[in-house]
file data25.pdb (PDB, C-alpha atoms)
MODEL        1
ATOM      1  CA  MET A   1     -97.754  -9.830  89.007
ATOM      2  CA  ASN A   2     -94.491 -10.686  87.304
ATOM      3  CA  PHE A   3     -93.490  -7.073  86.665
ATOM      4  CA  ILE A   4     -93.644  -6.388  90.426
ATOM      5  CA  LEU A   5     -90.949  -9.012  90.961
ATOM      6  CA  GLN A   6     -88.673  -7.474  88.312
ATOM      7  CA  PRO A   7     -86.509  -4.434  89.152
ATOM      8  CA  TRP A   8     -88.707  -1.332  88.875
ATOM      9  CA  PRO A   9     -87.648   1.146  86.166
ATOM     10  CA  TRP A  10     -86.933   4.774  87.067
ATOM     11  CA  TYR A  11     -90.134   6.022  85.431
ATOM     12  CA  VAL A  12     -92.182   3.882  87.811
ATOM     13  CA  ALA A  13     -90.170   4.651  90.956
ATOM     14  CA  GLY A  14     -89.921   8.442  90.491
ATOM     15  CA  PRO A  15     -93.673   9.091  90.258
ATOM     16  CA  ILE A  16     -94.364   6.790  93.252
ATOM     17  CA  ILE A  17     -91.792   8.752  95.275
ATOM     18  CA  ALA A  18     -93.605  11.967  94.266
ATOM     19  CA  PHE A  19     -96.941  10.372  95.213
ATOM     20  CA  SER A  20     -95.518   9.457  98.646
ATOM     21  CA  MET A  21     -94.458  13.078  99.089
ATOM     22  CA  TYR A  22     -98.004  14.145  98.210
ATOM     23  CA  LEU A  23     -99.498  11.671 100.709
ATOM     24  CA  MET A  24     -97.372  13.150 103.513
ATOM     25  CA  PHE A  25     -98.685  16.651 102.681
ATOM     26  CA  PHE A  26    -102.197  15.239 102.303
ATOM     27  CA  PHE A  27    -101.947  13.932 105.865
ATOM     28  CA  GLY A  28    -100.737  17.358 107.048
ATOM     29  CA  LYS A  29     -97.002  16.612 107.365
ATOM     30  CA  LYS A  30     -93.885  16.902 105.204
ATOM     31  CA  LEU A  31     -91.593  14.246 103.788
ATOM     32  CA  GLY A  32     -88.136  14.337 105.388
ATOM     33  CA  VAL A  33     -86.196  11.392 106.750
ATOM     34  CA  SER A  34     -83.078  12.856 108.393
ATOM     35  CA  SER A  35     -84.934  14.868 111.044
ATOM     36  CA  ASN A  36     -85.729  11.504 112.642
ATOM     37  CA  LEU A  37     -82.065  11.306 113.672
ATOM     38  CA  GLU A  38     -82.661  14.282 115.988
ATOM     39  CA  THR A  39     -85.914  12.831 117.271
ATOM     40  CA  VAL A  40     -84.236   9.557 118.235
ATOM     41  CA  CYS A  41     -81.316  11.421 119.899
ATOM     42  CA  ALA A  42     -83.883  13.381 121.924
ATOM     43  CA  MET A  43     -85.701  10.167 122.892
ATOM     44  CA  GLY A  44     -82.400   8.715 124.040
ATOM     45  CA  GLY A  45     -81.825  11.573 126.465
ATOM     46  CA  ALA A  46     -79.374  13.700 124.435
ATOM     47  CA  GLY A  47     -81.099  16.775 125.923
ATOM     48  CA  LYS A  48     -79.103  16.184 129.132
ATOM     49  CA  ILE A  49     -75.921  17.121 127.249
ATOM     50  CA  VAL A  50     -77.008  19.411 124.396
ATOM     51  CA  ASP A  51     -79.930  21.764 124.947
ATOM     52  CA  PHE A  52     -81.234  21.444 121.386
ATOM     53  CA  PHE A  53     -82.367  17.875 122.133
ATOM     54  CA  LYS A  54     -84.738  19.021 124.880
ATOM     55  CA  LEU A  55     -87.279  19.211 122.044
ATOM     56  CA  ASP A  56     -90.597  17.473 122.509
ATOM     57  CA  TRP A  57     -89.927  14.325 120.484
ATOM     58  CA  LYS A  58     -93.495  13.076 120.996
ATOM     59  CA  LYS A  59     -94.588  15.656 118.419
ATOM     60  CA  ASN A  60     -92.606  13.710 115.833
ATOM     61  CA  LYS A  61     -94.201  10.316 116.394
ATOM     62  CA  TRP A  62     -95.745  10.501 112.933
ATOM     63  CA  ASN A  63     -92.250  10.601 111.397
ATOM     64  CA  LEU A  64     -91.083   7.712 113.582
ATOM     65  CA  ALA A  65     -94.069   5.754 112.239
ATOM     66  CA  PHE A  66     -92.818   6.598 108.739
ATOM     67  CA  ILE A  67     -89.353   5.119 109.409
ATOM     68  CA  VAL A  68     -90.915   2.020 110.978
ATOM     69  CA  GLY A  69     -92.769   1.744 107.665
ATOM     70  CA  LEU A  70     -89.465   2.062 105.785
ATOM     71  CA  ILE A  71     -88.045  -0.852 107.773
ATOM     72  CA  LEU A  72     -91.172  -2.928 107.096
ATOM     73  CA  GLY A  73     -91.025  -1.991 103.416
ATOM     74  CA  GLY A  74     -87.430  -3.192 103.221
ATOM     75  CA  PHE A  75     -88.422  -6.459 104.885
ATOM     76  CA  VAL A  76     -91.450  -7.061 102.652
ATOM     77  CA  SER A  77     -89.496  -6.267  99.517
ATOM     78  CA  HIS A  78     -86.602  -8.524 100.488
ATOM     79  CA  GLN A  79     -88.734 -11.457 101.635
ATOM     80  CA  TRP A  80     -91.373 -11.589  98.946
ATOM     81  CA  LEU A  81     -90.775  -9.186  96.091
ATOM     82  CA  THR A  82     -87.135  -9.615  95.069
ATOM     83  CA  PRO A  83     -86.423 -13.190  93.918
ATOM     84  CA  ASP A  84     -83.383 -12.025  91.928
ATOM     85  CA  GLN A  85     -80.954  -9.962  94.025
ATOM     86  CA  SER A  86     -78.620  -9.027  91.179
ATOM     87  CA  ILE A  87     -78.267  -5.453  89.925
ATOM     88  CA  ALA A  88     -77.808  -4.819  86.197
ATOM     89  CA  LEU A  89     -74.926  -2.346  86.446
ATOM     90  CA  ASN A  90     -73.082  -0.707  83.586
ATOM     91  CA  PRO A  91     -70.260  -3.173  82.670
ATOM     92  CA  GLN A  92     -67.836  -0.251  82.900
ATOM     93  CA  THR A  93     -68.910   0.290  86.541
ATOM     94  CA  VAL A  94     -68.289  -3.392  87.282
ATOM     95  CA  GLN A  95     -64.821  -3.088  85.714
ATOM     96  CA  ASP A  96     -64.007   0.135  87.579
ATOM     97  CA  LEU A  97     -65.017  -1.453  90.888
ATOM     98  CA  SER A  98     -62.961  -4.537  90.153
ATOM     99  CA  ASP A  99     -59.964  -2.244  89.542
ATOM    100  CA  ILE A 100     -60.260  -0.755  93.045
ATOM    101  CA  GLY A 101     -60.698  -4.163  94.682
ATOM    102  CA  ILE A 102     -64.485  -4.633  94.787
ATOM    103  CA  VAL A 103     -65.211  -7.876  92.949
ATOM    104  CA  ASN A 104     -68.489  -9.387  91.671
ATOM    105  CA  ALA A 105     -70.139  -5.955  91.634
ATOM    106  CA  GLY A 106     -73.885  -6.222  91.086
ATOM    107  CA  SER A 107     -74.253  -9.903  92.032
ATOM    108  CA  THR A 108     -76.174  -8.691  95.109
ATOM    109  CA  TYR A 109     -77.474  -5.316  96.333
ATOM    110  CA  LEU A 110     -74.395  -4.522  98.432
ATOM    111  CA  PRO A 111     -70.634  -5.163  98.225
ATOM    112  CA  ASP A 112     -69.293  -7.676 100.747
ATOM    113  CA  GLU A 113     -66.122  -5.582 100.860
ATOM    114  CA  VAL A 114     -68.115  -2.845 102.630
ATOM    115  CA  PHE A 115     -71.078  -4.582 104.290
ATOM    116  CA  GLY A 116     -70.060  -8.242 104.740
ATOM    117  CA  SER A 117     -69.433  -9.704 108.182
ATOM    118  CA  ASP A 118     -65.649  -9.810 107.619
ATOM    119  CA  ALA A 119     -65.650  -6.135 106.646
ATOM    120  CA  MET A 120     -67.768  -4.930 109.568
ATOM    121  CA  SER A 121     -65.640  -6.793 112.105
ATOM    122  CA  SER A 122     -62.332  -5.449 110.767
ATOM    123  CA  LEU A 123     -61.022  -2.115 112.043
ATOM    124  CA  LYS A 124     -60.859  -0.568 108.572
ATOM    125  CA  GLY A 125     -64.324  -1.808 107.621
ATOM    126  CA  PHE A 126     -65.831  -0.591 110.876
ATOM    127  CA  LEU A 127     -64.223   2.831 110.462
ATOM    128  CA  ILE A 128     -65.604   3.121 106.907
ATOM    129  CA  LEU A 129     -69.146   2.320 108.065
ATOM    130  CA  ILE A 130     -69.117   4.535 111.151
ATOM    131  CA  SER A 131     -67.487   7.424 109.247
ATOM    132  CA  ALA A 132     -70.104   7.192 106.505
ATOM    133  CA  GLY A 133     -72.814   7.406 109.154
ATOM    134  CA  ILE A 134     -71.251  10.361 110.974
ATOM    135  CA  LEU A 135     -70.832  12.299 107.706
ATOM    136  CA  ILE A 136     -74.437  11.555 106.696
ATOM    137  CA  GLY A 137     -75.862  12.556 110.075
ATOM    138  CA  PHE A 138     -73.694  15.646 110.563
ATOM    139  CA  GLY A 139     -74.051  16.872 106.987
ATOM    140  CA  SER A 140     -77.780  16.330 106.664
ATOM    141  CA  ARG A 141     -78.562  18.184 109.880
ATOM    142  CA  TYR A 142     -76.081  20.973 109.085
ATOM    143  CA  ALA A 143     -77.804  21.430 105.719
ATOM    144  CA  GLY A 144     -81.245  20.911 107.278
ATOM    145  CA  GLY A 145     -82.258  18.038 105.011
ATOM    146  CA  CYS A 146     -81.186  15.044 102.966
ATOM    147  CA  THR A 147     -82.165  13.543  99.646
ATOM    148  CA  SER A 148     -85.860  13.561 100.553
ATOM    149  CA  GLY A 149     -86.257  16.982 102.191
ATOM    150  CA  HIS A 150     -83.845  18.905  99.955
ATOM    151  CA  GLY A 151     -83.705  16.565  96.957
ATOM    152  CA  ILE A 152     -87.403  15.904  96.383
ATOM    153  CA  VAL A 153     -89.389  18.505  98.341
ATOM    154  CA  GLY A 154     -86.912  21.396  98.084
ATOM    155  CA  LEU A 155     -85.963  21.052  94.413
ATOM    156  CA  SER A 156     -89.577  20.713  93.289
ATOM    157  CA  ASN A 157     -90.534  23.734  95.430
ATOM    158  CA  PHE A 158     -87.750  25.718  93.655
ATOM    159  CA  SER A 159     -86.093  26.459  96.971
ATOM    160  CA  VAL A 160     -82.730  28.167  96.320
ATOM    161  CA  GLU A 161     -81.388  26.615  99.537
ATOM    162  CA  SER A 162     -82.105  23.131  98.238
ATOM    163  CA  TYR A 163     -80.372  23.795  94.907
ATOM    164  CA  ILE A 164     -77.297  24.889  96.882
ATOM    165  CA  ALA A 165     -77.532  21.839  99.173
ATOM    166  CA  VAL A 166     -77.916  19.377  96.276
ATOM    167  CA  THR A 167     -74.921  21.027  94.567
ATOM    168  CA  GLY A 168     -73.052  20.244  97.785
ATOM    169  CA  PHE A 169     -74.335  16.627  97.731
ATOM    170  CA  PHE A 170     -72.680  16.233  94.329
ATOM    171  CA  ILE A 171     -69.453  18.054  95.215
ATOM    172  CA  GLY A 172     -69.038  15.666  98.172
ATOM    173  CA  GLY A 173     -70.249  12.577  96.337
ATOM    174  CA  LEU A 174     -68.085  13.103  93.253
ATOM    175  CA  PHE A 175     -65.008  13.792  95.380
ATOM    176  CA  MET A 176     -65.587  10.666  97.472
ATOM    177  CA  THR A 177     -66.236   8.430  94.450
ATOM    178  CA  TRP A 178     -63.478   9.690  92.153
ATOM    179  CA  VAL A 179     -60.742  10.651  94.617
ATOM    180  CA  ILE A 180     -61.135   8.996  98.012
ATOM    181  CA  LEU A 181     -62.719   5.600  97.277
ATOM    182  CA  PRO A 182     -59.959   4.320  94.926
ATOM    183  CA  TYR A 183     -57.359   5.250  97.527
ATOM    184  CA  LEU A 184     -59.386   3.841 100.419
ATOM    185  CA  PHE A 185     -60.036   0.397  98.975
ATOM    186  CA  ASN A 186     -56.475   0.016  97.709
ATOM    187  CA  LEU A 187     -55.042   0.617 101.184
TER     188      LEU A 187
ATOM    189  CA  MET B 188    -103.627   4.219 115.403
ATOM    190  CA  LYS B 189    -103.629   7.740 114.008
ATOM    191  CA  TYR B 190    -100.027   7.165 112.936
ATOM    192  CA  ILE B 191    -100.717   4.051 110.871
ATOM    193  CA  LYS B 192    -101.201   6.105 107.706
ATOM    194  CA  PHE B 193     -97.628   7.412 107.989
ATOM    195  CA  LEU B 194     -96.396   3.874 108.522
ATOM    196  CA  LEU B 195     -98.172   2.783 105.334
ATOM    197  CA  VAL B 196     -96.637   5.648 103.331
ATOM    198  CA  GLY B 197     -93.296   4.484 104.717
ATOM    199  CA  VAL B 198     -93.968   0.934 103.491
ATOM    200  CA  LEU B 199     -94.796   2.255 100.000
ATOM    201  CA  PHE B 200     -91.661   4.428  99.996
ATOM    202  CA  GLY B 201     -89.523   1.565 101.333
ATOM    203  CA  VAL B 202     -90.743  -1.013  98.834
ATOM    204  CA  THR B 203     -90.307   1.466  95.964
ATOM    205  CA  LEU B 204     -86.741   2.429  96.894
ATOM    206  CA  SER B 205     -85.903  -1.275  97.329
ATOM    207  CA  LYS B 206     -87.417  -2.384  94.043
ATOM    208  CA  ALA B 207     -85.846   0.501  92.115
ATOM    209  CA  GLU B 208     -82.462  -0.473  93.645
ATOM    210  CA  VAL B 209     -81.983   3.012  95.105
ATOM    211  CA  ILE B 210     -80.847   1.272  98.310
ATOM    212  CA  SER B 211     -77.953  -0.399  96.471
ATOM    213  CA  TRP B 212     -74.463   0.910  97.267
ATOM    214  CA  TYR B 213     -73.551   0.064  93.659
ATOM    215  CA  ARG B 214     -76.277   2.290  92.193
ATOM    216  CA  ILE B 215     -74.948   5.283  94.152
ATOM    217  CA  TYR B 216     -71.387   4.574  93.004
ATOM    218  CA  GLU B 217     -72.594   4.214  89.403
ATOM    219  CA  MET B 218     -74.494   7.506  89.699
ATOM    220  CA  PHE B 219     -71.449   9.429  90.922
ATOM    221  CA  LYS B 220     -69.354   7.758  88.214
ATOM    222  CA  LEU B 221     -71.902   9.184  85.740
ATOM    223  CA  GLN B 222     -72.188   5.724  84.172
ATOM    224  CA  SER B 223     -75.941   5.212  84.361
ATOM    225  CA  PHE B 224     -79.069   7.243  83.850
ATOM    226  CA  HIS B 225     -81.044   5.139  86.347
ATOM    227  CA  MET B 226     -80.619   7.229  89.530
ATOM    228  CA  TYR B 227     -80.953  10.502  87.615
ATOM    229  CA  GLY B 228     -84.159   9.133  86.110
ATOM    230  CA  VAL B 229     -85.545   8.194  89.534
ATOM    231  CA  ILE B 230     -84.727  11.540  91.163
ATOM    232  CA  GLY B 231     -85.508  13.573  88.040
ATOM    233  CA  SER B 232     -88.934  12.040  87.446
ATOM    234  CA  ALA B 233     -89.766  12.289  91.166
ATOM    235  CA  VAL B 234     -88.905  16.001  91.075
ATOM    236  CA  ALA B 235     -90.751  16.540  87.771
ATOM    237  CA  VAL B 236     -93.998  15.030  89.096
ATOM    238  CA  SER B 237     -93.498  16.867  92.402
ATOM    239  CA  ILE B 238     -93.215  20.211  90.560
ATOM    240  CA  ILE B 239     -96.712  19.587  89.162
ATOM    241  CA  LEU B 240     -97.972  18.638  92.635
ATOM    242  CA  MET B 241     -96.443  21.800  94.154
ATOM    243  CA  TYR B 242     -98.223  23.842  91.469
ATOM    244  CA  LEU B 243    -101.512  22.170  92.409
ATOM    245  CA  PHE B 244    -100.849  22.882  96.118
ATOM    246  CA  LYS B 245    -100.286  26.581  95.381
ATOM    247  CA  ASN B 246    -103.408  26.761  93.203
ATOM    248  CA  LYS B 247    -105.361  25.080  96.021
ATOM    249  CA  LYS B 248    -106.432  22.279  93.695
ATOM    250  CA  LEU B 249    -104.974  19.774  96.149
ATOM    251  CA  LYS B 250    -105.597  20.124  99.865
ATOM    252  CA  THR B 251    -105.034  18.075 102.999
ATOM    253  CA  TYR B 252    -107.534  15.405 103.999
ATOM    254  CA  LYS B 253    -109.059  17.992 106.339
ATOM    255  CA  GLY B 254    -109.557  20.376 103.409
ATOM    256  CA  GLN B 255    -106.780  22.718 104.521
ATOM    257  CA  ILE B 256    -104.460  24.513 102.112
ATOM    258  CA  ILE B 257    -101.083  22.783 101.724
ATOM    259  CA  HIS B 258     -98.291  25.157 102.663
ATOM    260  CA  VAL B 259     -94.713  24.038 102.008
ATOM    261  CA  SER B 260     -92.442  25.552 104.652
ATOM    262  CA  ALA B 261     -89.207  27.177 103.445
ATOM    263  CA  LYS B 262     -85.757  25.716 104.075
ATOM    264  CA  LYS B 263     -83.383  27.667 106.312
ATOM    265  CA  LYS B 264     -81.454  30.340 104.419
ATOM    266  CA  GLY B 265     -77.669  30.449 104.328
ATOM    267  CA  LEU B 266     -74.998  29.657 101.775
ATOM    268  CA  ALA B 267     -72.479  28.081 104.173
ATOM    269  CA  ARG B 268     -75.041  25.872 105.914
ATOM    270  CA  ASN B 269     -76.379  24.383 102.710
ATOM    271  CA  LEU B 270     -73.138  24.175 100.743
ATOM    272  CA  ILE B 271     -70.843  22.853 103.498
ATOM    273  CA  GLY B 272     -73.526  20.687 105.114
ATOM    274  CA  GLY B 273     -74.519  19.371 101.705
ATOM    275  CA  THR B 274     -70.912  18.556 100.804
ATOM    276  CA  ILE B 275     -70.333  16.684 104.077
ATOM    277  CA  PHE B 276     -73.558  14.771 103.468
ATOM    278  CA  GLY B 277     -72.451  13.942  99.894
ATOM    279  CA  LEU B 278     -69.170  12.482 101.161
ATOM    280  CA  GLY B 279     -71.108  10.159 103.461
ATOM    281  CA  TRP B 280     -73.722   9.307 100.832
ATOM    282  CA  ALA B 281     -71.046   8.112  98.391
ATOM    283  CA  LEU B 282     -68.996   6.317 101.067
ATOM    284  CA  GLY B 283     -71.899   4.456 102.682
ATOM    285  CA  GLY B 284     -73.906   4.211  99.459
ATOM    286  CA  ALA B 285     -77.046   5.137 101.347
ATOM    287  CA  CYS B 286     -78.881   8.269 102.371
ATOM    288  CA  PRO B 287     -81.103   8.284 105.484
ATOM    289  CA  GLY B 288     -84.201   6.650 103.912
ATOM    290  CA  PRO B 289     -82.295   3.675 102.480
ATOM    291  CA  MET B 290     -80.448   3.178 105.797
ATOM    292  CA  TYR B 291     -83.725   2.257 107.468
ATOM    293  CA  ILE B 292     -84.853   0.193 104.477
ATOM    294  CA  LEU B 293     -81.605  -1.813 104.621
ATOM    295  CA  VAL B 294     -82.278  -2.553 108.296
ATOM    296  CA  GLY B 295     -85.524  -4.195 107.156
ATOM    297  CA  LYS B 296     -83.621  -6.061 104.480
ATOM    298  CA  GLY B 297     -81.640  -7.677 107.287
ATOM    299  CA  VAL B 298     -78.263  -6.015 106.647
ATOM    300  CA  MET B 299     -76.587  -6.082 110.079
ATOM    301  CA  SER B 300     -73.686  -3.799 109.170
ATOM    302  CA  ILE B 301     -76.001  -0.918 108.250
ATOM    303  CA  LEU B 302     -76.715  -0.602 111.986
ATOM    304  CA  ILE B 303     -73.167   0.748 112.363
ATOM    305  CA  VAL B 304     -73.918   3.396 109.705
ATOM    306  CA  LEU B 305     -77.238   4.210 111.369
ATOM    307  CA  PHE B 306     -75.571   4.534 114.768
ATOM    308  CA  GLY B 307     -72.936   6.791 113.201
ATOM    309  CA  ALA B 308     -75.662   8.963 111.686
ATOM    310  CA  HIS B 309     -77.132   9.586 115.142
ATOM    311  CA  VAL B 310     -73.655  10.416 116.458
ATOM    312  CA  GLY B 311     -73.225  12.818 113.532
ATOM    313  CA  ALA B 312     -76.571  14.551 114.159
ATOM    314  CA  PHE B 313     -75.680  14.832 117.851
ATOM    315  CA  LEU B 314     -72.215  16.233 117.099
ATOM    316  CA  TYR B 315     -73.664  18.840 114.750
ATOM    317  CA  HIS B 316     -75.914  20.256 117.450
ATOM    318  CA  ALA B 317     -73.079  20.106 119.989
ATOM    319  CA  VAL B 318     -70.741  22.226 117.849
ATOM    320  CA  LYS B 319     -73.128  24.219 115.623
ATOM    321  CA  HIS B 320     -72.588  27.535 117.466
ATOM    322  CA  LYS B 321     -68.972  27.435 116.224
ATOM    323  CA  LEU B 322     -69.887  26.747 112.575
ATOM    324  CA  PRO B 323     -70.659  29.209 109.776
ATOM    325  CA  HIS B 324     -74.266  29.193 108.615
TER     326      HIS B 324
ENDMDL
END
call {"tool": "encode", "arguments": {"input": "data25.pdb", "output": "structure tokens"}}
result
Amino acid sequence: MNFILQPWPWYVAGPIIAFSMYLMFFFGKKLGVSSNLETVCAMGGAGKIVDFFKLDWKKNKWNLAFIVGLILGGFVSHQWLTPDQSIALNPQTVQDLSDIGIVNAGSTYLPDEVFGSDAMSSLKGFLILISAGILIGFGSRYAGGCTSGHGIVGLSNFSVESYIAVTGFFIGGLFMTWVILPYLFNL
Amino acid sequence: MKYIKFLLVGVLFGVTLSKAEVISWYRIYEMFKLQSFHMYGVIGSAVAVSIILMYLFKNKKLKTYKGQIIHVSAKKKGLARNLIGGTIFGLGWALGGACPGPMYILVGKGVMSILIVLFGAHVGAFLYHAVKHKLPH
């Protein structure tokens, strides 16, 4: 039981992720999280403004059940399976973050400077969070998938499109991390 | 009730991404700083095992629970769509430290501020479909 409460190593997590992908196919569907964004927009009546969202969202109930499961999984893990919330980061990462103004990196799952209540209620903090969301939503639907659909399903299916998309994920991610973030947090 | 199986797969996926710290903003930063193998190990081993599964799907060794052949639908073709869309997604992934799966998992973890990111993601998906006829694909 004790090993469940420890952080899970990559060689445990990766195969379980692959097994989850298999289970979705086994049940006749396909793993992909970001398409739920469109489903929820359609549920909310976005079809009145943009024709695309006139889609029959009821066909995607299975995927909504999956994201409800994600939320439950996050709750279960937080409440009962993670007694120690610290993350064993590379000391160099902790130093680099400290240099751009993010202190105590790794003491919890998330930096207070981005997700804390002071950050989310400040204009700058709010703009960071909402911008991150808009980029994620816009980009994933433009590319037709995110880390699950392109990253896991697409790469393993040797889909050329997914190799291009994941190359894009890293172009954007490296640019944000190396160029924009230091500037942003030092503002 | 027929959807409960998808909910349970979601719970497994959610617990795994939580326990492997994939939902941590810091782990994403560390990955893009190329300072840890952890995230590459998670994604790499997931893809490696999935390659074997895909092979078994194509050889019809693994089928759906109804005994049907598993067919993996192709992604939409287009260099601009995948490269530009992927790059925009990457910017958001590194800024928010979460991709779509972890956003929902963090809601369950009780992180209030992730709701702003999640709301933004819906706005982003909406905006894409509102302007997509003007974009290169």
call {"tool": "closest_residue", "arguments": {"input": "data25.pdb", "among": "A:Ser107, A:Thr167, A:Ser20, A:Ser117", "to": "Leu194 of chain B", "atoms": "all atoms listed in the file"}}
result
A:Ser20
call {"tool": "atom_distance", "arguments": {"input": "data25.pdb", "atom1": "atom CA of Phe224 of chain B", "atom2": "atom CA of Val298 of chain B"}}
result
26.4 Å
call {"tool": "residues_around", "arguments": {"input": "data25.pdb", "residues": "Val196 of chain B", "least_positions_apart": "6", "cutoff": "8 Å", "atoms": "all atoms listed in the file", "output": "list in words"}}
result
Ser20, Leu23, Met24, Phe66 and Gly69 of chain A
call {"tool": "atom_distance", "arguments": {"input": "data25.pdb", "atom1": "atom CA of Val94 of chain A", "atom2": "atom CA of Trp178 of chain A"}}
result
14.8 Å
call {"tool": "residues_near_point", "arguments": {"input": "data25.pdb", "point": "(-64.1, 1.8, 111.2)", "cutoff": "12 Å", "atoms": "all atoms listed in the file", "output": "list of chain:residue names"}}
result
A:Val114, A:Phe115, A:Ala119, A:Met120, A:Ser121, A:Ser122, A:Leu123, A:Lys124, A:Gly125, A:Phe126, A:Leu127, A:Ile128, A:Leu129, A:Ile130, A:Ser131, A:Ala132, A:Gly133, A:Ile134, A:Leu184, B:Gly283, B:Ser300, B:Ile303, B:Val304, B:Gly307
call {"tool": "resolve_selection", "arguments": {"input": "data25.pdb", "expression": "the PyMOL selection byres ((chain A) within 6 of (chain B))", "output": "ChimeraX atom specification"}}
result
/A:7-8,10,13-15,17-18,26-28,33-34,37,50,62,65-66,69-75,77-78,109-110,115,129-130,132-143,152,156,164-165,168-169,171-174,176
call {"tool": "atom_distance", "arguments": {"input": "data25.pdb", "atom1": "atom CA of Glu161 of chain A", "atom2": "atom CA of Cys146 of chain A"}}
result
12.1 Å
call {"tool": "axis_aligned_box", "arguments": {"input": "data25.pdb", "around": "segment 285-299 of chain B", "padding_each_side": "4 Å", "output": "AutoDock Vina command-line options"}}
result
--center_x -81.1 --center_y 0.3 --center_z 105.7 --size_x 16.9 --size_y 24.0 --size_z 16.7
call {"tool": "resolve_selection", "arguments": {"input": "data25.pdb", "expression": "the PyMOL selection byres ((chain A and resi 149) around 9)", "output": "VMD selection string"}}
result
(chain A and resid 30 to 34 144 to 148 150 to 155 162) or (chain B and resid 262)
call {"tool": "closest_residue", "arguments": {"input": "data25.pdb", "among": "A:Ile4, A:Thr177, A:Ser35, A:Pro9", "to": "Asp96 of chain A", "atoms": "only C-alpha atoms"}}
result
A:Thr177
call {"tool": "decode", "arguments": {"input": "data25.pdb", "residues": "segment 193-226 of chain B", "atoms": "C-alpha atoms", "output": "PDB file, in the first residue's frame"}}
result
ATOM      1  CA  PHE B 193     -15.873   5.810 -19.285  1.00  0.00           C
ATOM      2  CA  LEU B 194     -16.113   7.548 -15.933  1.00  0.00           C
ATOM      3  CA  LEU B 195     -14.037   4.773 -14.353  1.00  0.00           C
ATOM      4  CA  VAL B 196     -11.370   5.029 -17.072  1.00  0.00           C
ATOM      5  CA  GLY B 197     -11.333   8.754 -16.325  1.00  0.00           C
ATOM      6  CA  VAL B 198     -10.766   8.055 -12.617  1.00  0.00           C
ATOM      7  CA  LEU B 199      -7.841   5.743 -13.461  1.00  0.00           C
ATOM      8  CA  PHE B 200      -6.378   8.337 -15.843  1.00  0.00           C
ATOM      9  CA  GLY B 201      -6.923  11.145 -13.319  1.00  0.00           C
ATOM     10  CA  VAL B 202      -5.354   9.323 -10.386  1.00  0.00           C
ATOM     11  CA  THR B 203      -2.382   8.276 -12.542  1.00  0.00           C
ATOM     12  CA  LEU B 204      -1.680  11.777 -13.866  1.00  0.00           C
ATOM     13  CA  SER B 205      -2.006  13.138 -10.309  1.00  0.00           C
ATOM     14  CA  LYS B 206       0.266  10.563  -8.718  1.00  0.00           C
ATOM     15  CA  ALA B 207       2.882  10.879 -11.469  1.00  0.00           C
ATOM     16  CA  GLU B 208       2.820  14.681 -10.929  1.00  0.00           C
ATOM     17  CA  VAL B 209       1.956  15.306 -14.585  1.00  0.00           C
ATOM     18  CA  ILE B 210      -0.614  17.832 -13.316  1.00  0.00           C
ATOM     19  CA  SER B 211       2.126  19.906 -11.660  1.00  0.00           C
ATOM     20  CA  TRP B 212       2.945  23.245 -13.306  1.00  0.00           C
ATOM     21  CA  TYR B 213       6.533  22.711 -12.118  1.00  0.00           C
ATOM     22  CA  ARG B 214       6.903  19.390 -13.953  1.00  0.00           C
ATOM     23  CA  ILE B 215       5.901  21.045 -17.242  1.00  0.00           C
ATOM     24  CA  TYR B 216       8.361  23.894 -16.669  1.00  0.00           C
ATOM     25  CA  GLU B 217      11.102  21.385 -15.806  1.00  0.00           C
ATOM     26  CA  MET B 218      10.297  19.403 -18.962  1.00  0.00           C
ATOM     27  CA  PHE B 219      10.591  22.441 -21.231  1.00  0.00           C
ATOM     28  CA  LYS B 220      13.788  23.439 -19.418  1.00  0.00           C
ATOM     29  CA  LEU B 221      15.087  19.964 -20.356  1.00  0.00           C
ATOM     30  CA  GLN B 222      16.131  19.467 -16.727  1.00  0.00           C
ATOM     31  CA  SER B 223      14.368  16.196 -15.965  1.00  0.00           C
ATOM     32  CA  PHE B 224      13.692  12.918 -17.688  1.00  0.00           C
ATOM     33  CA  HIS B 225      10.451  12.375 -15.748  1.00  0.00           C
ATOM     34  CA  MET B 226       7.896  13.808 -18.218  1.00  0.00           C
TER      35      MET B 226
END
